[in-house]
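To be precise, the following lines are coords-v2.csv, and they hold CSV, C-alpha atoms and all ligand atoms.
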```
chain,number,residue,atom,x,y,z
A,7,MET,CA,19.4,35.9,46.9
A,8,ALA,CA,22.4,34.4,45.1
A,9,ASP,CA,21.3,30.9,46.2
A,10,GLU,CA,17.8,31.4,45.0
A,11,PRO,CA,17.0,28.8,42.3
A,12,TYR,CA,16.5,30.2,38.8
A,13,LYS,CA,12.8,30.7,37.9
A,14,ARG,CA,10.9,30.1,34.7
A,15,LEU,CA,7.9,32.2,33.6
A,16,MET,CA,5.4,31.9,30.8
A,17,CYS,CA,3.5,34.6,29.0
A,18,LEU,CA,-0.3,34.1,29.4
A,19,GLY,CA,-1.0,35.9,26.2
A,20,CYS,CA,1.0,33.6,23.9
A,21,GLY,CA,3.0,31.0,25.7
A,22,PHE,CA,6.5,32.6,25.3
A,23,SER,CA,8.7,31.5,28.2
A,24,TYR,CA,11.4,33.4,30.1
A,25,ASP,CA,14.1,31.5,31.9
A,26,GLU,CA,16.3,33.4,34.4
A,27,MET,CA,19.2,31.1,33.8
A,28,LEU,CA,19.1,31.6,30.0
A,29,GLY,CA,18.0,35.2,29.8
A,30,LEU,CA,17.0,36.5,26.4
A,31,PRO,CA,20.3,37.5,24.7
A,32,GLU,CA,18.5,38.0,21.4
A,33,HIS,CA,16.4,40.7,23.2
A,34,GLY,CA,19.2,42.3,25.2
A,35,ILE,CA,18.7,40.4,28.5
A,36,ALA,CA,21.8,38.7,29.8
A,37,PRO,CA,21.8,35.1,31.1
A,38,GLY,CA,21.2,35.0,34.8
A,39,THR,CA,19.0,38.1,34.8
A,40,ARG,CA,16.4,37.8,37.6
A,41,TRP,CA,12.8,38.4,36.7
A,42,ALA,CA,12.6,41.0,39.5
A,43,ASP,CA,15.4,42.9,37.7
A,44,ILE,CA,13.6,43.2,34.4
A,45,PRO,CA,11.8,46.6,34.2
A,46,ASP,CA,8.1,46.7,35.1
A,47,ASP,CA,7.3,48.2,31.7
A,48,TRP,CA,8.9,45.3,29.8
A,49,VAL,CA,6.4,43.4,27.6
A,50,CYS,CA,6.5,40.0,25.9
A,51,PRO,CA,8.7,40.3,22.8
A,52,ASP,CA,6.2,38.1,20.8
A,53,CYS,CA,2.8,39.5,21.8
A,54,GLY,CA,3.1,42.6,23.9
A,55,THR,CA,1.6,41.2,27.0
A,56,PRO,CA,2.7,43.1,30.1
A,57,LYS,CA,5.3,41.6,32.5
A,58,HIS,CA,2.8,41.2,35.3
A,59,LEU,CA,0.7,38.8,33.2
A,60,PHE,CA,3.5,36.2,33.1
A,61,GLU,CA,3.0,33.2,35.3
A,62,MET,CA,5.7,31.5,37.3
A,63,ILE,CA,5.9,27.8,36.2
A,64,VAL,CA,7.6,24.7,37.2
A,65,ILE,CA,7.8,22.8,33.9
A,66,GLY,CA,10.8,21.1,32.5
A,67,TYR,CA,12.1,21.3,28.9
A,68,ALA,CA,11.6,18.7,26.3
A,69,THR,CA,14.8,17.2,24.8
A,70,GLY,CA,16.8,20.0,23.2
A,71,GLY,CA,14.3,22.6,24.4
A,72,ALA,CA,16.6,24.6,26.6
A,73,ASP,CA,19.0,25.2,23.6
A,74,MET,CA,16.1,26.5,21.5
A,75,ALA,CA,14.9,28.7,24.4
A,76,ARG,CA,18.3,30.3,24.7
A,77,ASN,CA,18.0,31.7,21.2
A,78,ALA,CA,14.3,32.7,21.4
B,13,MET,CA,-10.7,17.6,49.8
B,14,SER,CA,-13.5,18.3,47.5
B,15,GLN,CA,-13.9,21.9,46.1
B,16,SER,CA,-16.2,23.4,43.5
B,17,PHE,CA,-17.2,26.6,42.0
B,18,ILE,CA,-20.1,27.8,39.7
B,19,LEU,CA,-19.5,30.3,37.0
B,20,ARG,CA,-22.7,31.8,35.5
B,21,ASN,CA,-22.8,32.9,31.9
B,22,GLU,CA,-23.0,36.6,32.8
B,23,GLU,CA,-20.2,36.3,35.4
B,24,ARG,CA,-17.7,35.5,32.6
B,25,GLY,CA,-15.5,38.2,31.1
B,26,HIS,CA,-17.4,39.5,28.0
B,27,ASP,CA,-15.3,41.3,25.4
B,28,LEU,CA,-16.1,42.7,22.0
B,29,ILE,CA,-13.0,43.3,20.0
B,30,LYS,CA,-13.4,45.3,16.8
B,31,SER,CA,-11.0,45.3,13.9
B,32,ASP,CA,-10.1,48.9,14.1
B,33,GLY,CA,-7.4,51.2,15.3
B,34,SER,CA,-4.6,49.6,17.1
B,35,ARG,CA,-6.5,46.3,17.2
B,36,SER,CA,-6.6,46.0,13.4
B,37,SER,CA,-3.3,44.1,13.3
B,38,TYR,CA,-4.6,41.6,15.8
B,39,ILE,CA,-8.2,41.2,14.6
B,40,ALA,CA,-8.8,40.6,10.9
B,41,GLY,CA,-11.8,41.8,9.0
B,42,HIS,CA,-11.4,45.5,8.9
B,43,PRO,CA,-13.6,47.6,9.0
B,44,ASP,CA,-16.8,45.7,9.9
B,45,GLY,CA,-15.5,42.6,11.6
B,46,PHE,CA,-15.5,42.0,15.3
B,47,VAL,CA,-14.9,39.1,17.7
B,48,THR,CA,-17.0,38.5,20.8
B,49,ARG,CA,-15.3,36.5,23.5
B,50,ALA,CA,-16.7,35.3,26.8
B,51,SER,CA,-13.8,34.2,29.0
B,52,SER,CA,-14.3,31.8,31.8
B,53,PHE,CA,-10.8,32.6,33.1
B,54,ASN,CA,-8.6,35.7,33.0
B,55,PHE,CA,-7.4,36.5,29.6
B,56,HIS,CA,-5.9,39.6,28.0
B,57,GLU,CA,-8.1,42.6,29.1
B,58,TYR,CA,-10.3,40.5,31.3
B,59,GLN,CA,-8.5,40.1,34.6
B,60,GLY,CA,-11.5,40.1,37.0
B,61,GLY,CA,-12.0,36.4,37.5
B,62,ARG,CA,-10.3,33.2,38.1
B,63,PRO,CA,-6.7,32.7,36.9
B,64,GLY,CA,-7.5,29.2,35.6
B,65,PHE,CA,-8.4,25.7,36.6
B,66,GLY,CA,-5.8,22.9,36.9
B,67,THR,CA,-3.8,23.2,33.7
B,68,ILE,CA,-6.5,25.3,31.9
B,69,ARG,CA,-5.6,28.9,31.4
B,70,VAL,CA,-8.1,30.0,28.7
B,71,PHE,CA,-11.6,28.8,28.1
B,72,GLY,CA,-13.0,31.3,25.5
B,73,ASP,CA,-16.4,31.1,24.0
B,74,GLU,CA,-15.9,33.1,20.8
B,75,VAL,CA,-17.8,34.3,17.8
B,76,PHE,CA,-16.2,35.8,14.6
B,77,HIS,CA,-18.7,38.2,13.1
B,78,GLY,CA,-18.5,39.2,9.5
B,79,ALA,CA,-16.7,37.7,6.5
B,80,GLY,CA,-13.0,37.9,6.9
B,81,CYS,CA,-13.1,38.3,10.6
B,82,GLY,CA,-10.7,36.4,12.9
B,83,TYR,CA,-7.1,36.6,14.1
B,84,ASN,CA,-4.3,37.7,11.9
B,85,MET,CA,-1.1,35.6,11.8
B,86,HIS,CA,0.5,35.6,15.3
B,87,PRO,CA,3.1,33.5,17.1
B,88,HIS,CA,2.7,31.0,20.0
B,89,HIS,CA,5.0,28.9,22.2
B,90,ASN,CA,4.3,26.1,24.6
B,91,PHE,CA,0.5,26.3,25.0
B,92,ALA,CA,-1.6,23.4,23.7
B,93,ILE,CA,-4.4,25.2,22.0
B,94,CYS,CA,-7.7,23.5,21.1
B,95,ALA,CA,-10.6,24.9,19.1
B,96,PHE,CA,-14.0,23.2,19.0
B,97,VAL,CA,-16.2,24.6,16.1
B,98,PHE,CA,-19.9,24.7,16.6
B,99,GLY,CA,-21.1,26.9,13.7
B,100,GLY,CA,-19.9,28.6,10.6
B,101,GLN,CA,-16.5,27.8,9.2
B,102,LEU,CA,-13.0,28.3,10.6
B,103,THR,CA,-10.2,28.6,8.2
B,104,HIS,CA,-7.0,27.8,10.0
B,105,VAL,CA,-3.6,28.6,8.6
B,106,ASN,CA,-0.9,27.0,10.7
B,107,THR,CA,2.9,26.7,10.4
B,108,ALA,CA,3.2,23.4,12.3
B,109,GLY,CA,5.0,20.6,10.5
B,110,GLU,CA,5.1,21.4,6.8
B,111,GLY,CA,2.4,24.1,7.4
B,112,MET,CA,-1.2,23.7,6.3
B,113,VAL,CA,-4.5,25.3,5.6
B,114,ASP,CA,-7.4,23.6,7.4
B,115,GLN,CA,-11.1,24.3,7.3
B,116,LEU,CA,-13.3,23.3,10.2
B,117,ARG,CA,-17.0,23.2,10.4
B,118,ALA,CA,-19.5,22.3,13.1
B,119,GLY,CA,-18.2,19.2,15.0
B,120,ASP,CA,-14.6,19.6,13.8
B,121,TYR,CA,-11.9,20.4,16.3
B,122,TYR,CA,-8.1,20.7,16.5
B,123,VAL,CA,-5.3,20.5,18.9
B,124,PHE,CA,-2.3,22.7,18.2
B,125,SER,CA,0.6,22.2,20.5
B,126,ALA,CA,2.7,25.2,19.9
B,127,GLY,CA,5.8,23.8,21.6
B,128,SER,CA,9.1,25.3,20.4
B,129,GLY,CA,7.1,27.8,18.3
B,130,GLY,CA,4.5,28.1,15.7
B,131,LYS,CA,2.3,30.8,14.0
B,132,HIS,CA,-1.3,30.7,13.0
B,133,SER,CA,-4.1,32.7,11.6
B,134,GLU,CA,-7.8,31.9,12.1
B,135,LEU,CA,-10.4,33.4,9.9
B,136,SER,CA,-14.1,33.1,9.2
B,137,ILE,CA,-14.3,33.7,5.4
B,138,THR,CA,-18.0,33.1,4.9
B,139,THR,CA,-20.8,35.4,5.9
B,140,GLU,CA,-22.0,33.1,8.5
B,141,ASP,CA,-20.9,33.7,12.1
B,142,MET,CA,-18.1,31.3,13.2
B,143,GLN,CA,-18.7,29.9,16.7
B,144,ALA,CA,-16.0,28.1,18.6
B,145,ILE,CA,-14.7,27.4,22.0
B,146,TYR,CA,-11.0,27.9,22.6
B,147,LEU,CA,-9.1,26.0,25.3
B,148,TRP,CA,-5.5,26.8,26.2
B,149,VAL,CA,-3.6,24.3,28.3
B,150,MET,CA,-0.2,24.5,30.0
B,151,PRO,CA,2.1,22.0,28.4
B,152,GLU,CA,3.7,19.0,30.2
B,153,GLN,CA,7.1,20.1,28.9
B,154,LEU,CA,8.5,23.3,27.4
B,155,TYR,CA,9.6,23.5,23.8
B,156,LEU,CA,8.1,20.3,22.5
B,157,PRO,CA,8.1,19.8,18.8
B,158,PRO,CA,5.1,21.6,17.4
B,159,ALA,CA,2.2,19.4,16.5
B,160,TYR,CA,-1.2,19.8,14.9
B,161,HIS,CA,-4.1,17.2,14.9
B,162,ARG,CA,-7.7,17.6,13.9
B,163,GLY,CA,-10.8,15.5,14.6
B,164,HIS,CA,-14.5,15.4,14.1
B,165,PHE,CA,-17.3,14.8,16.5
B,166,ASP,CA,-20.3,13.2,14.8
B,167,PHE,CA,-23.0,15.0,16.7
B,168,ARG,CA,-25.7,13.3,14.5
B,169,ARG,CA,-24.8,9.8,15.5
B,170,ARG,CA,-23.2,10.0,18.9
B,171,ARG,CA,-26.0,11.2,21.2
B,172,ASN,CA,-26.5,10.3,24.8
B,173,GLU,CA,-22.9,9.2,25.4
B,174,ILE,CA,-19.9,10.9,26.8
B,175,VAL,CA,-17.4,11.0,23.9
B,176,MET,CA,-13.7,11.7,24.6
B,177,LEU,CA,-12.5,14.2,21.9
B,178,VAL,CA,-9.0,14.9,23.3
B,179,GLY,CA,-6.8,12.8,25.6
B,180,ASP,CA,-5.6,9.3,25.9
B,181,GLY,CA,-8.8,7.5,24.8
B,182,ASP,CA,-9.5,5.5,21.6
B,183,GLY,CA,-9.8,7.9,18.6
B,184,ALA,CA,-9.2,11.0,20.8
B,185,LEU,CA,-6.6,13.6,19.7
B,186,PRO,CA,-3.4,13.5,21.7
B,187,ILE,CA,-2.4,16.5,23.8
B,188,PRO,CA,0.9,16.9,25.8
B,189,GLN,CA,-0.8,17.2,29.2
B,190,ASP,CA,-2.7,15.0,31.7
B,191,LEU,CA,-6.1,16.2,30.3
B,192,ARG,CA,-9.1,14.9,28.6
B,193,VAL,CA,-11.9,16.8,26.8
B,194,SER,CA,-15.2,15.1,26.3
B,195,ARG,CA,-18.5,16.2,24.8
B,196,LEU,CA,-22.0,15.1,25.6
B,197,ILE,CA,-25.1,15.8,23.5
B,198,ALA,CA,-28.1,14.3,25.3
B,199,ASP,CA,-31.9,14.3,25.7
B,200,ARG,CA,-33.9,15.4,28.6
B,201,GLY,CA,-34.4,12.8,31.3
B,202,ARG,CA,-31.1,11.1,30.7
B,203,SER,CA,-28.5,10.8,33.4
B,204,PHE,CA,-24.7,10.4,33.2
B,205,ARG,CA,-21.9,9.9,35.6
B,206,TYR,CA,-18.5,11.3,34.8
B,207,ALA,CA,-15.6,9.9,36.9
B,208,PRO,CA,-12.3,11.8,36.8
B,209,ARG,CA,-9.4,9.4,36.6
B,210,THR,CA,-8.1,10.1,40.2
B,211,ALA,CA,-8.9,12.4,43.1
B,212,SER,CA,-6.1,14.6,41.8
B,213,HIS,CA,-8.0,15.3,38.7
B,214,GLY,CA,-10.7,18.0,38.5
B,215,ALA,CA,-13.5,18.5,36.0
B,216,TYR,CA,-14.7,21.7,34.4
B,217,VAL,CA,-18.2,21.2,33.1
B,218,PHE,CA,-19.5,23.8,30.6
B,219,VAL,CA,-23.1,23.9,29.3
B,220,ARG,CA,-23.0,25.3,25.8
B,221,GLU,CA,-26.7,24.6,25.1
B,222,GLY,CA,-29.6,23.4,27.2
B,223,ARG,CA,-29.8,22.9,30.9
B,224,ILE,CA,-28.5,20.3,33.3
B,225,GLY,CA,-28.3,19.3,36.9
B,226,CYS,CA,-24.6,19.0,37.8
B,227,ALA,CA,-23.6,17.6,41.2
B,228,GLY,CA,-26.9,18.8,42.5
B,229,GLU,CA,-26.7,22.3,41.0
B,230,GLU,CA,-28.7,23.6,38.1
B,231,LEU,CA,-26.6,24.9,35.2
B,232,GLY,CA,-28.2,26.7,32.2
B,233,TYR,CA,-27.0,28.2,28.9
B,234,ARG,CA,-23.2,28.9,29.1
B,235,ASP,CA,-23.1,28.3,32.8
B,236,SER,CA,-20.2,26.2,34.1
B,237,MET,CA,-18.9,24.5,37.1
B,238,GLY,CA,-15.5,23.3,38.3
B,239,LEU,CA,-15.1,20.4,40.6
B,240,SER,CA,-12.0,18.8,42.2
B,241,GLY,CA,-11.4,16.0,44.7
B,242,VAL,CA,-14.6,14.2,43.8
B,243,ALA,CA,-15.0,10.6,42.8
B,244,ALA,CA,-17.7,11.3,40.2
B,245,VAL,CA,-19.8,14.1,38.7
B,246,ASP,CA,-23.5,13.3,38.3
B,247,ILE,CA,-25.1,15.0,35.3
B,248,ASP,CA,-28.9,15.0,34.8
B,249,ILE,CA,-30.1,16.4,31.5
B,250,LEU,CA,-33.0,18.8,32.0
B,251,ASP,CA,-33.5,20.1,28.4
B,252,ASP,CA,-33.5,18.3,25.0
B,253,ASP,CA,-30.3,18.7,22.9
B,254,SER,CA,-28.2,19.8,25.9
B,255,ASP,CA,-24.6,20.2,24.7
B,256,ILE,CA,-21.9,19.9,27.3
B,257,LEU,CA,-18.1,20.0,27.3
B,258,ILE,CA,-16.2,18.4,30.1
B,259,VAL,CA,-12.5,19.2,30.6
B,260,GLU,CA,-10.8,16.9,33.0
B,261,THR,CA,-7.4,18.1,34.1
B,262,ILE,CA,-4.7,17.2,36.6
B,263,MET,CA,-4.9,19.8,39.4
B,264,ILE,CA,-1.4,21.2,39.5
B,265,ASP,CA,-0.2,23.0,42.5
B,266,GLU,CA,-0.4,26.6,41.2
B,267,ALA,CA,0.4,29.6,43.3
B,268,ASN,CA,-1.8,32.2,41.4
B,269,ILE,CA,-4.9,30.0,41.5
B,270,LYS,CA,-4.4,29.2,45.2
B,271,THR,CA,-3.9,32.9,46.1
B,272,TRP,CA,-7.0,33.8,44.2
B,273,GLU,CA,-9.1,31.1,45.9
B,274,SER,CA,-8.0,32.0,49.4
B,275,GLU,CA,-8.8,35.7,48.7
B,276,HIS,CA,-12.2,34.8,47.4
B,277,ALA,CA,-13.0,32.1,49.9
B,278,GLY,CA,-16.7,31.9,50.7
B,279,HIS,CA,-17.8,34.0,47.7
C,1,ZN,ZN,3.4,36.7,24.8
```
Re-express the file's structure as structure tokens.
Amino acid sequence: MADEPYKRLMCLGCGFSYDEMLGLPEHGIAPGTRWADIPDDWVCPDCGTPKHLFEMIVIGYATGGADMARNA
Amino acid sequence: MSQSFILRNEERGHDLIKSDGSRSSYIAGHPDGFVTRASSFNFHEYQGGRPGFGTIRVFGDEVFHGAGCGYNMHPHHNFAICAFVFGGQLTHVNTAGEGMVDQLRAGDYYVFSAGSGGKHSELSITTEDMQAIYLWVMPEQLYLPPAYHRGHFDFRRRRNEIVMLVGDGDGALPIPQDLRVSRLIADRGRSFRYAPRTASHGAYVFVREGRIGCAGEELGYRDSMGLSGVAAVDIDILDDDSDILIVETIMIDEANIKTWESEHAGH
């Protein structure tokens, strides 16, 4: 499990993204938190869409994007 | 390998969302306003259909009913959101760039790439129903600089030709994805051939008005068809004033869509 690459997911209600490597420190989720370890009743902080309606994505960041996502 | 599906009007997800109760912060226009939304793909409450097609996640055929109706200010990231207006007037307040208020009427359309974050509100402020098609597309990259572009399709002059509205063509609005949106308004008896750029591109053909033959299948009012792995899509116009949108997208390798397709094989 520890060798598992970090995943990225995107909210299908608004486009908000979650990055396991970055976590969401502003929303109380530490960097490195696996998607599977986020409670099932967690919802998108921007639009309230439930966790199961996030889609796993393989999309890279635009220049500087990761730093912005860290503080989302 | 060529694949296709047909989605009839009534097979789409049909929602009526009133501006009342807990939805009044989402839908503007309290107390009489309501939005009707027919979704080709799963979106919000509607989760009974296809997850998407290529990079498309939302294809919503919407009407805002009642003066003041629409969506209150809400945030987006990443998605490239397009709206094509067919009737009434859409007042669009958007924070992209310096921020702006745009007003769109029949033939007008916009591409809003939410990128690193933006907010918008969309309202119909006249008494006439506002009719639009919304298209949400996965971006090529996350957290791009937000961008807003708007264009106009001259439906009085540009008949009987496939006109690219969004994509890499001349005069088309840019979008951060390998995707093209074209519109065709044509007369009965005419035939057209749409060729996706490569065999890795699919085409989603939506009949907003009229009736067509599409790759040998008949599609009527608000029917649609998705095709991938084909060299060309033959379109025969069966009714006057047929109005068709074609979304060509790169067919990304997407687990949710593949799972859905294998579970629904042969249906
Ligand atoms: Zn969201």
Tell me which protein, DNA and RNA residues are within 6 Å of region 15-18 of chain A, counting all atoms listed in the file, leaving out same-chain ones fewer than 5 positions away, and put them as a ChimeraX atom specification. /A:23-24,60-63
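In this model, the gap between CA of Cys53 (chain A) and CA of Asp114 (chain B) comes to 23.8 Å.
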Tell me, in Å to one decimal, how far CA of Leu19 (chain B) is from CA of Tyr58 (chain B).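 Distance between the two atoms: 14.9 Å.
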Would you give me, as a PDB file with C-alpha atoms, in the coordinates of the input, the residues of chain A that come within 6 Å of chain B, using all atoms listed in the file?
```pdb
ATOM      1  CA  CYS A  20       1.000  33.600  23.900  1.00  0.00           C
ATOM      2  CA  GLY A  21       3.000  31.000  25.700  1.00  0.00           C
ATOM      3  CA  PHE A  22       6.500  32.600  25.300  1.00  0.00           C
ATOM      4  CA  ILE A  65       7.800  22.800  33.900  1.00  0.00           C
ATOM      5  CA  GLY A  66      10.800  21.100  32.500  1.00  0.00           C
ATOM      6  CA  TYR A  67      12.100  21.300  28.900  1.00  0.00           C
ATOM      7  CA  ALA A  68      11.600  18.700  26.300  1.00  0.00           C
ATOM      8  CA  GLY A  71      14.300  22.600  24.400  1.00  0.00           C
TER       9      GLY A  71
END
```
Residues near region 202-215 of chain B, anyone? I mean within 9 Å using all atoms listed in the file, not counting same-chain ones fewer than 2 positions away, as a ChimeraX atom specification. /B:13-14,65-66,172-174,190-191,198-200,217,237-250,258-264
